[in-house]
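Below is one structure, written out as structure tokens; comments come after it.
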Amino acid sequence: MKNKKITRKISQGVYALTTNGGGCIVDAVSQISTGNNPLIAVSVMKDNYTNELLKKNNKFALSVLDRNVDPKIITTFGTKSSRDIDKYENVETEDIEEIKVIKDSIGYMVLEKIDSIDNDTHTLFIGKLVEADIYKEEKPMTYEYYQENKDDYIKVTTEKNKTAWVCTICGYVYYGEELPEDFKCPICGVDRSLFKKADH
Ligand SMILES: Cc1cc2nc3c(=O)[nH]c(=O)nc-3n(C[C@H](O)[C@H](O)[C@H](O)COP(=O)(O)O)c2cc1C
């Protein structure tokens, strides 16, 4: 492949996916049909706890994040796992159709799961829109904007006197002189080319 980075030019937004028991930040979202109840697809990594939840739950929601979203929402939902913490503890939500949606957002879409497609690493969940509302008119955060400004969203501190490698996508820190050959970020799944050596 001459330059795979062209895929990063696909415009994507940044959303909080919520479902009973957890949820996570996603950018891999696409509307795939139109009409009164359009279909929306979201791709969730199999390693994420959210994937397990979506396999059994039949409803989920996507809250559309804006550029001024409280960074805490991105760090909590996008860099931590519901296996370890309750992501809803300090986040204001509203119950819509029995799903908690994020109040600090432009608005939400509640989806009824109608299908899913598995591949090696991810599952594509397809939902039918059953409820939706707009809280405020703001510019949605794009994945590109997030990438350009993520230092404001993810504060990474690394221990001094140790060689550290930081995931440029989610802020996960790996300690060690070299990253293992086939290393993948345990949090967000990207490969080692997206890690940067920390300059303390
Ligand atoms: C900006 C951003 C975009 C992300 N996009 C996705 C995505 O599209 N699909 C996905 O499965 N994980 C994505 N992630 C990673 C998950 O949000 C992250 O791994 C989360 O900690 C999983 O939590 P869980 O184990 O509770 O499901 C993204 C993270 C960030 C910060």
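A note on labels: chains of the structure tokens are A, B, ... as shown, every chain counts residues from 1, and ligands are counted from 1 in their shown order.
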
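Residue neighbourhood of Val44 (chain A), excluding near-sequence residues (fewer than 3 positions): Asn51, His122, Thr123 and Leu124 of chain A, at 7 Å, using only C-alpha atoms.
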
Find the residues near ligand 1. Use a cut-off of 9 Å, count only C-alpha atoms and all ligand atoms, and write them as a ChimeraX atom specification.
-> /A:13-17,21-29,42-53,74-85,87,122-123,142-143,146-147,150,153-154,169-171,186-189

Can you list, as a ChimeraX atom specification, all residues belonging to region 8-180 of chain A that DSSP tags as strand (DSSP E or B)?
-> /A:13,15-19,22-26,29-31,39-45,59-64,66,93-96,99-102,107-118,122-134,140,142,164-167,173-175

For Ala61 (chain A), which residue among A:Glu148, A:Asp115, A:Glu131, A:Asp86 is the nearest when counting only C-alpha atoms?
->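 Of A:Glu148, A:Asp115, A:Glu131, A:Asp86, the one nearest Ala61 (chain A), counting only C-alpha atoms, is A:Glu131.
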
So which residues touch region 98-108 of chain A within 6 Å, counting only C-alpha atoms, skipping near sequence neighbours fewer than 3 positions away, as a PDB file with N, CA, C and O atoms, in the first residue's frame?
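For reference, around.pdb as written:
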ATOM      1  N   LEU A  62     -26.117   7.375  20.764  1.00  0.00           N
ATOM      2  CA  LEU A  62     -24.923   8.128  20.394  1.00  0.00           C
ATOM      3  C   LEU A  62     -25.177   9.582  20.754  1.00  0.00           C
ATOM      4  O   LEU A  62     -26.163  10.170  20.286  1.00  0.00           O
ATOM      5  N   SER A  63     -24.340  10.147  21.625  1.00  0.00           N
ATOM      6  CA  SER A  63     -24.432  11.566  21.947  1.00  0.00           C
ATOM      7  C   SER A  63     -23.366  12.266  21.120  1.00  0.00           C
ATOM      8  O   SER A  63     -22.199  11.850  21.123  1.00  0.00           O
ATOM      9  N   VAL A  64     -23.759  13.317  20.410  1.00  0.00           N
ATOM     10  CA  VAL A  64     -22.830  14.013  19.518  1.00  0.00           C
ATOM     11  C   VAL A  64     -22.049  15.052  20.326  1.00  0.00           C
ATOM     12  O   VAL A  64     -22.647  15.971  20.900  1.00  0.00           O
ATOM     13  N   LEU A  65     -20.730  14.893  20.401  1.00  0.00           N
ATOM     14  CA  LEU A  65     -19.927  15.806  21.221  1.00  0.00           C
ATOM     15  C   LEU A  65     -19.555  17.060  20.445  1.00  0.00           C
ATOM     16  O   LEU A  65     -19.338  17.010  19.236  1.00  0.00           O
ATOM     17  N   GLU A  92     -23.164  13.988  33.931  1.00  0.00           N
ATOM     18  CA  GLU A  92     -24.601  14.264  33.934  1.00  0.00           C
ATOM     19  C   GLU A  92     -25.277  13.607  32.725  1.00  0.00           C
ATOM     20  O   GLU A  92     -24.846  13.803  31.587  1.00  0.00           O
ATOM     21  N   THR A  93     -26.313  12.829  32.999  1.00  0.00           N
ATOM     22  CA  THR A  93     -27.001  12.123  31.916  1.00  0.00           C
ATOM     23  C   THR A  93     -28.501  12.342  32.018  1.00  0.00           C
ATOM     24  O   THR A  93     -29.004  12.814  33.034  1.00  0.00           O
ATOM     25  N   GLU A  94     -29.200  11.994  30.952  1.00  0.00           N
ATOM     26  CA  GLU A  94     -30.660  12.018  30.978  1.00  0.00           C
ATOM     27  C   GLU A  94     -31.129  10.649  30.480  1.00  0.00           C
ATOM     28  O   GLU A  94     -30.551  10.112  29.526  1.00  0.00           O
ATOM     29  N   ASP A  95     -32.142  10.089  31.119  1.00  0.00           N
ATOM     30  CA  ASP A  95     -32.655   8.781  30.688  1.00  0.00           C
ATOM     31  C   ASP A  95     -33.641   8.969  29.554  1.00  0.00           C
ATOM     32  O   ASP A  95     -34.679   9.598  29.721  1.00  0.00           O
ATOM     33  N   ALA A 132     -34.609  10.874  19.011  1.00  0.00           N
ATOM     34  CA  ALA A 132     -33.478  11.776  18.774  1.00  0.00           C
ATOM     35  C   ALA A 132     -33.877  13.182  19.184  1.00  0.00           C
ATOM     36  O   ALA A 132     -35.053  13.536  19.122  1.00  0.00           O
ATOM     37  N   ASP A 133     -32.894  13.964  19.637  1.00  0.00           N
ATOM     38  CA  ASP A 133     -33.184  15.365  19.953  1.00  0.00           C
ATOM     39  C   ASP A 133     -31.899  16.179  19.896  1.00  0.00           C
ATOM     40  O   ASP A 133     -30.795  15.629  19.989  1.00  0.00           O
ATOM     41  N   ILE A 134     -32.097  17.496  19.738  1.00  0.00           N
ATOM     42  CA  ILE A 134     -30.958  18.422  19.733  1.00  0.00           C
ATOM     43  C   ILE A 134     -31.035  19.247  21.018  1.00  0.00           C
ATOM     44  O   ILE A 134     -32.085  19.806  21.330  1.00  0.00           O
ATOM     45  N   TYR A 135     -29.929  19.286  21.791  1.00  0.00           N
ATOM     46  CA  TYR A 135     -29.889  20.098  23.007  1.00  0.00           C
ATOM     47  C   TYR A 135     -29.453  21.523  22.707  1.00  0.00           C
ATOM     48  O   TYR A 135     -29.907  22.470  23.304  1.00  0.00           O
ATOM     49  N   LYS A 136     -28.476  21.655  21.807  1.00  0.00           N
ATOM     50  CA  LYS A 136     -27.937  22.992  21.520  1.00  0.00           C
ATOM     51  C   LYS A 136     -27.308  22.987  20.135  1.00  0.00           C
ATOM     52  O   LYS A 136     -26.878  21.937  19.646  1.00  0.00           O
TER      53      LYS A 136
END

Distance of CA of Asn20 (chain A) from CA of Glu137 (chain A), expressed in Å to one decimal place |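 Computing the Euclidean distance for CA of Glu137 (chain A) and CA of Asn20 (chain A) yields 27.1 Å.
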
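You can rank A:Asn68, A:Ser11, A:Thr18, A:Thr121 by their closest distance to Ile96 (chain A) using only C-alpha atoms, and at the top of that list sits A:Thr18.
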
Tell me which protein, DNA and RNA residues are within 9 Å of Lys128 (chain A), counting only C-alpha atoms, leaving out same-chain ones fewer than 4 positions away, and put them as an mmCIF file with C-alpha atoms, in the first residue's frame.
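Saved to out39.cif:
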data_model
loop_
_atom_site.group_PDB
_atom_site.id
_atom_site.type_symbol
_atom_site.label_atom_id
_atom_site.label_comp_id
_atom_site.auth_asym_id
_atom_site.auth_seq_id
_atom_site.Cartn_x
_atom_site.Cartn_y
_atom_site.Cartn_z
ATOM 1 C CA ASN A 37 -35.970 5.767 10.977
ATOM 2 C CA PRO A 38 -32.561 5.854 9.307
ATOM 3 C CA LEU A 39 -29.997 3.155 9.974
ATOM 4 C CA ILE A 40 -26.745 4.122 11.647
ATOM 5 C CA ALA A 41 -23.714 1.838 11.884
ATOM 6 C CA VAL A 110 -31.290 6.403 20.455
ATOM 7 C CA LEU A 111 -30.923 3.298 18.316
ATOM 8 C CA GLU A 112 -32.495 -0.109 18.355
ATOM 9 C CA LYS A 113 -29.971 -2.753 17.353
ATOM 10 C CA ILE A 114 -31.166 -4.577 14.256
#

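Among the candidates A:Gln31, A:Thr7, A:Ala198, A:Lys139, the residue lying nearest to Asn161 (chain A) is A:Ala198 (atoms considered: only C-alpha atoms).
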
Residues of region 5-140 of chain A in alpha helix (DSSP H) according to DSSP, as a list in words?
->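 Here is the list: Tyr49, Thr50, Asn51, Glu52, Leu53, Leu54, Lys55, Lys56, Pro71, Lys72, Ile73, Ile74, Thr75, Thr76, Phe77, Gly78 and Thr79 of chain A.
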
Work out how far apart CA of Leu129 (chain A) and CA of Leu54 (chain A) are and give it in Å to one decimal.
-> 15.6 Å

Can you work out the spacing between CA of Asn58 (chain A) and CA of Asn36 (chain A) in Å, to one decimal?
->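 According to the coordinates, CA of Asn58 (chain A) and CA of Asn36 (chain A) are separated by 19.5 Å.
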